[in-house]
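Peer 1: This is target-v2.cif, which holds mmCIF, C-alpha atoms:
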data_target
#
loop_
_atom_site.label_atom_id
_atom_site.label_comp_id
_atom_site.auth_asym_id
_atom_site.auth_seq_id
_atom_site.Cartn_x
_atom_site.Cartn_y
_atom_site.Cartn_z
CA MET A 30 74.65 66.77 109.79
CA ALA A 31 76.59 66.54 112.98
CA LEU A 32 79.23 69.19 112.92
CA THR A 33 82.32 68.94 115.01
CA SER A 34 84.27 72.12 114.87
CA THR A 35 87.20 73.56 116.73
CA PRO A 36 86.47 76.57 118.90
CA PHE A 37 87.04 79.84 117.15
CA LEU A 38 90.17 81.69 118.26
CA SER A 39 90.60 85.30 117.47
CA TYR A 40 94.00 86.60 116.42
CA HIS A 41 94.49 88.36 119.76
CA GLU A 42 93.89 85.19 121.75
CA ILE A 43 96.85 83.38 120.23
CA GLN A 44 99.64 83.39 122.77
CA VAL A 45 102.98 84.04 121.18
CA ASP A 46 104.78 85.79 124.03
CA LYS A 47 106.91 82.85 125.04
CA ILE A 48 107.48 81.48 121.57
CA ASP A 49 110.48 82.52 119.59
CA ILE A 50 109.46 82.51 115.94
CA TYR A 51 113.01 81.77 114.81
CA ASP A 52 113.31 78.81 117.16
CA ASP A 53 110.04 77.60 115.79
CA ALA A 54 111.01 78.13 112.17
CA TYR A 55 114.43 76.54 112.48
CA GLY A 56 113.11 73.64 114.55
CA PHE A 57 116.12 73.52 116.88
CA TYR A 58 114.15 71.78 119.61
CA GLN A 59 112.95 69.07 117.23
CA GLU A 60 116.25 68.49 115.47
CA PHE A 61 118.47 68.70 118.54
CA ASN A 62 116.17 67.23 121.11
CA ASP A 63 118.97 65.03 122.51
CA VAL A 64 121.30 67.99 123.07
CA MET A 65 118.53 70.13 124.53
CA ASN A 66 117.58 67.38 126.98
CA LEU A 67 121.16 67.20 128.11
CA LEU A 68 121.34 70.96 128.59
CA GLU A 69 118.23 70.73 130.77
CA GLN A 70 120.25 68.78 133.33
CA VAL A 71 122.16 71.86 134.38
CA LYS A 72 120.21 74.57 136.12
CA PRO A 73 122.56 77.15 137.56
CA VAL A 74 120.94 79.21 140.31
CA PRO A 75 122.54 81.72 142.64
CA SER A 76 122.87 80.48 146.18
CA LYS A 77 120.65 81.99 148.87
CA ARG A 78 123.78 83.41 150.46
CA LEU A 79 124.71 85.24 147.25
CA THR A 80 121.21 86.62 146.74
CA LYS A 81 121.09 87.77 150.36
CA ARG A 82 124.46 89.48 150.01
CA LEU A 83 123.31 91.25 146.84
CA ILE A 84 120.11 92.49 148.49
CA GLU A 85 122.14 93.79 151.44
CA ARG A 86 124.41 95.70 149.05
CA VAL A 87 121.38 97.13 147.25
CA ARG A 88 119.96 98.33 150.58
CA GLN A 89 123.27 99.96 151.48
CA MET A 90 123.24 101.88 148.19
CA ASN A 91 119.99 103.60 149.06
CA MET B 17 93.11 88.65 142.17
CA LYS B 18 96.41 90.40 142.79
CA LYS B 19 97.94 91.71 139.58
CA THR B 20 101.61 91.03 139.02
CA MET B 21 103.47 94.27 138.46
CA SER B 22 105.44 94.61 135.26
CA ASP B 23 109.18 95.20 135.38
CA TYR B 24 108.67 98.81 134.41
CA GLU B 25 106.07 99.40 137.12
CA LEU B 26 108.54 98.00 139.65
CA ILE B 27 111.31 100.25 138.36
CA GLU B 28 109.07 103.32 138.56
CA LYS B 29 108.16 102.52 142.15
CA PHE B 30 111.79 101.82 143.02
CA VAL B 31 112.88 105.20 141.63
CA LYS B 32 110.19 106.82 143.76
CA GLY B 33 111.69 105.19 146.84
CA GLU B 34 110.09 101.78 147.20
CA GLN B 35 113.19 99.73 147.95
CA SER B 36 111.41 96.40 147.98
CA CYS B 37 110.45 96.76 144.31
CA PHE B 38 114.05 96.29 143.21
CA GLU B 39 114.31 93.24 145.41
CA THR B 40 111.29 91.83 143.58
CA LEU B 41 113.10 92.44 140.29
CA ILE B 42 116.17 90.62 141.61
CA GLN B 43 114.08 87.63 142.68
CA ARG B 44 112.31 87.62 139.32
CA HIS B 45 115.41 87.69 137.12
CA LYS B 46 118.32 86.42 139.23
CA ASN B 47 118.34 82.90 137.74
CA LYS B 48 118.55 84.10 134.14
CA VAL B 49 121.34 86.54 134.92
CA PHE B 50 123.27 84.07 137.06
CA ALA B 51 122.95 81.27 134.50
CA TYR B 52 124.41 83.48 131.80
CA ILE B 53 127.35 84.71 133.87
CA SER B 54 128.17 81.46 135.66
CA LEU B 55 128.16 79.37 132.49
CA TYR B 56 130.20 81.93 130.62
CA ILE B 57 132.75 82.59 133.35
CA ARG B 58 134.32 79.49 134.78
CA ASP B 59 135.68 81.08 137.94
CA GLN B 60 132.83 80.92 140.46
CA ALA B 61 134.04 83.74 142.69
CA LEU B 62 134.37 86.01 139.69
CA ALA B 63 130.94 84.96 138.38
CA GLU B 64 129.41 85.87 141.74
CA ASP B 65 131.12 89.28 141.69
CA LEU B 66 129.91 90.00 138.17
CA PHE B 67 126.42 88.85 139.08
CA GLN B 68 126.28 91.40 141.89
CA ASP B 69 127.96 94.10 139.82
CA THR B 70 125.34 93.65 137.10
CA PHE B 71 122.46 94.48 139.43
CA LEU B 72 124.37 97.34 141.08
CA LYS B 73 125.08 98.79 137.64
CA VAL B 74 121.39 98.42 136.80
CA ILE B 75 120.52 100.51 139.85
CA GLN B 76 123.02 103.22 138.91
CA SER B 77 121.67 103.34 135.37
CA VAL B 78 118.03 103.36 136.44
CA LYS B 79 118.66 106.14 138.96
CA SER B 80 120.49 108.24 136.41
CA GLY B 81 117.54 107.88 134.04
CA LYS B 82 119.32 105.70 131.49
CA TYR B 83 116.59 103.09 131.29
CA TYR B 84 113.72 103.69 128.91
CA ASP B 85 111.00 101.13 128.92
CA ASN B 86 110.50 99.16 125.75
CA GLY B 87 109.11 96.14 127.56
CA LYS B 88 112.47 94.40 127.54
CA PHE B 89 114.00 95.03 130.93
CA ILE B 90 115.68 91.63 131.15
CA SER B 91 117.21 92.05 127.71
CA TRP B 92 118.70 95.37 128.89
CA VAL B 93 120.01 93.75 132.10
CA MET B 94 121.65 90.99 130.07
CA ARG B 95 123.35 93.56 127.89
CA ILE B 96 124.81 95.12 131.04
CA ALA B 97 126.03 91.68 132.15
CA HIS B 98 127.46 91.07 128.68
CA ASN B 99 129.35 94.40 128.78
CA LEU B 100 130.73 93.67 132.25
CA ILE B 101 132.00 90.29 131.05
CA ILE B 102 133.64 91.90 127.99
CA ASP B 103 135.22 94.59 130.23
CA HIS B 104 136.55 91.88 132.49
CA PHE B 105 138.17 89.96 129.62
CA ARG B 106 139.67 93.17 128.28
CA ARG B 107 141.26 93.86 131.67
CA VAL B 108 142.54 90.29 131.93
CA LYS B 109 143.97 90.51 128.43
CA GLN B 110 145.75 93.71 129.38
CA LEU B 111 147.19 92.06 132.46
CA ASN B 112 148.00 88.97 130.42
CA THR B 113 146.98 86.66 133.21
CA VAL B 114 144.41 84.24 131.90
CA SER B 115 142.92 82.01 134.55
CA ASN B 116 142.36 78.38 133.69
CA ASP B 117 140.76 77.49 136.96
CA ASP B 118 138.30 74.71 136.55
CA TYR B 119 134.92 75.92 137.67
CA GLU B 120 132.60 73.65 139.49
CA SER B 121 129.61 75.40 140.91
CA ASP B 122 127.51 74.39 143.83
CA LEU B 123 124.91 72.58 141.80
CA PHE B 124 123.71 70.66 144.77
CA ASN B 125 122.60 73.38 147.11
CA SER B 126 119.17 71.84 147.24
CA LYS B 127 118.03 69.87 150.27
CA LYS B 128 116.64 67.23 147.92
CA PHE B 129 120.13 65.98 147.28
CA ALA B 130 120.61 65.09 150.90
CA GLU B 131 117.80 62.58 150.49
CA ALA B 132 118.97 61.10 147.20
CA ASN B 133 121.20 58.13 147.42
CA VAL B 134 124.91 58.60 147.02
CA GLU B 135 125.20 56.75 143.74
CA ASP B 136 122.49 58.76 142.00
CA HIS B 137 124.05 61.87 143.39
CA MET B 138 127.45 60.99 141.96
CA ILE B 139 126.08 60.01 138.53
CA LYS B 140 124.09 63.21 138.33
CA LYS B 141 127.07 65.24 139.44
CA GLN B 142 129.25 63.64 136.78
CA ILE B 143 126.69 64.26 134.04
CA GLN B 144 126.36 67.91 135.06
CA LYS B 145 130.11 68.28 135.09
CA ASP B 146 130.32 66.73 131.61
CA ILE B 147 127.65 69.10 130.31
CA ARG B 148 129.45 72.11 131.75
CA ASN B 149 132.61 70.92 130.07
CA LEU B 150 130.78 70.56 126.76
CA ILE B 151 129.48 74.11 127.03
CA SER B 152 132.87 75.47 128.05
CA GLN B 153 134.55 73.85 125.04
CA LEU B 154 132.38 75.71 122.57
CA PRO B 155 133.85 78.79 120.88
CA ASP B 156 132.92 81.95 122.83
CA ASP B 157 130.36 83.24 120.33
CA GLN B 158 128.55 79.89 120.11
CA ARG B 159 128.64 79.38 123.87
CA GLU B 160 127.10 82.78 124.46
CA VAL B 161 124.15 82.15 122.14
CA VAL B 162 123.39 78.77 123.72
CA ILE B 163 123.44 80.22 127.21
CA LEU B 164 121.39 83.30 126.36
CA ARG B 165 118.79 81.28 124.48
CA HIS B 166 118.58 78.12 126.53
CA TYR B 167 119.36 79.26 130.06
CA SER B 168 118.37 82.92 130.01
CA GLY B 169 115.37 82.47 127.72
CA LEU B 170 116.10 85.43 125.45
CA SER B 171 114.71 85.52 121.93
CA PHE B 172 117.06 85.41 118.95
CA LYS B 173 116.16 89.02 118.24
CA GLU B 174 117.28 90.00 121.76
CA ILE B 175 120.43 87.87 121.48
CA ALA B 176 121.27 89.52 118.18
CA ASP B 177 120.83 92.96 119.77
CA ILE B 178 122.98 92.14 122.79
CA THR B 179 125.80 90.55 120.85
CA ASP B 180 125.67 93.10 118.01
CA VAL B 181 125.17 90.60 115.21
CA SER B 182 122.34 89.89 112.78
CA ILE B 183 119.59 87.43 113.67
CA ASN B 184 120.89 85.09 110.96
CA THR B 185 124.33 85.10 112.53
CA ALA B 186 122.88 84.34 115.97
CA LEU B 187 120.84 81.49 114.48
CA GLY B 188 123.87 80.16 112.64
CA ARG B 189 125.93 80.21 115.84
CA MET B 190 123.18 78.32 117.65
CA ARG B 191 123.09 75.67 114.95
CA TYR B 192 126.87 75.24 114.93
CA ALA B 193 126.90 75.09 118.73
CA LEU B 194 124.29 72.34 118.78
CA ILE B 195 126.07 70.38 116.05
CA ASN B 196 129.37 70.72 117.90
CA MET B 197 127.84 69.67 121.18
CA ARG B 198 126.25 66.61 119.61
CA LYS B 199 129.60 65.68 118.09
CA MET B 200 131.33 66.07 121.46
CA MET B 201 128.57 64.05 123.16
CA GLU B 202 129.19 61.22 120.73
CA GLU B 203 132.97 61.42 121.03
CA LYS B 204 132.88 61.45 124.80
CA LYS B 205 129.95 59.03 124.95
CA ILE B 206 127.89 61.35 127.12
CA SER B 207 124.24 60.47 127.38
CA LEU B 208 121.43 60.85 129.83
CA THR B 209 121.86 57.85 132.02
CA PHE B 210 120.18 59.57 134.93
CA ASN B 211 116.66 60.99 135.00
#
How does the structure come out when it is put into structure tokens?
Peer 2:
Amino acid sequence: MALTSTPFLSYHEIQVDKIDIYDDAYGFYQEFNDVMNLLEQVKPVPSKRLTKRLIERVRQMN
Amino acid sequence: MKKTMSDYELIEKFVKGEQSCFETLIQRHKNKVFAYISLYIRDQALAEDLFQDTFLKVIQSVKSGKYYDNGKFISWVMRIAHNLIIDHFRRVKQLNTVSNDDYESDLFNSKKFAEANVEDHMIKKQIQKDIRNLISQLPDDQREVVILRHYSGLSFKEIADITDVSINTALGRMRYALINMRKMMEEKKISLTFN
């Protein structure tokens, strides 16, 4: 009999660090896929100038 | 292979005098912190001040031994940002001078935009402005959960801790926020016409 089996995964090998169990259980990403995709269009990042100014202030504190 | 230092390892080294370790922490977490503050506070100049104040407050707290590692450094930083925002609104309320300045951040500080054609640029800019407006029209508690979950990547457990509510309440706020946003999208006929 030709057996095709999935590789065995131990409990500790299952990656759950980046998964929010509540997100998963409530299925927000499935149900509100359209809204989530829209939210993806905005990616606020601090400007280089702002980051540089912050690092300079941190250096002055020390 | 070079091992990436954990947040706590970086903090320990920073306390011992390795300045660059805090800079690594800033680079690692700046986007999450900035997204939260800049989407919550519409005034860009104020958002930038609070962004800097958050990290400076983190340093003060770390140096005075107020940080105890539980593997959730970013969650702790976001709580500091949250408290600074609340303090700000309390002060504004006391002064009774609420600002209604429309906030439009520099979303196009990437060189890529210089190469994109003008029409695409304008469509994208309009969509981003619409989305910011959608977010800003949500009630405060719903807006906060959406930002902390979607843009700052915190878990619902962490969001519940930061905002002092139960996990069920945080989940409920998220659901209402998404329903409200979908309703507004339909009313305003906002859709992804640009990819």
Peer 1: Show me, as a list in words, the residues of chain A whose atoms get within 6 Å of chain B, using only C-alpha atoms for the distance check.
Peer 2: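 Within 6 Å of chain B on chain A, we get Asp49, Val71, Pro73, Val74 and Leu83 of chain A.
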Peer 1: If I take CA of Leu62 (chain B) and CA of Leu100 (chain B), how far is one from the other in Å, to one decimal?
Peer 2: 11.3 Å
Peer 1: Measure the distance from CA of Tyr58 (chain A) to CA of Gly188 (chain B) in Å and round it to one decimal.
Peer 2: 14.6 Å
Peer 1: I'd like to know which of B:Asn99, B:Lys32, B:Leu41, B:Tyr83 is closest to Thr80 (chain A), using all atoms listed in the file.
Peer 2: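 Residue with the minimum atom-to-atom distance to Thr80 (chain A): B:Leu41.
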Peer 1: Using all atoms listed in the file, which of the listed residues (B:Ala61, B:Leu26, B:Met21, B:Ile178) sits closest to Leu79 (chain A)?
Peer 2: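 Of B:Ala61, B:Leu26, B:Met21, B:Ile178, the one nearest Leu79 (chain A), counting all atoms listed in the file, is B:Ala61.
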Peer 1: Measure the distance from CA of Lys73 (chain B) to CA of Arg95 (chain B) in Å and round it to one decimal.
Peer 2: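 Taking CA of Lys73 (chain B) and CA of Arg95 (chain B), their separation equals 11.2 Å.
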Peer 1: Between B:Leu66, B:Val134, B:Ile90, B:Ile139, which residue has the minimum interatomic distance to His104 (chain B), considering all atoms listed in the file?
Peer 2: B:Leu66
Peer 1: What lies within 10 Å of Phe89 (chain B) using only C-alpha atoms, ignoring chain neighbours under 2 positions off, as an MDAnalysis selection string?
Peer 2: chainID B and resid 22:24 27 41 45 83:87 91:95
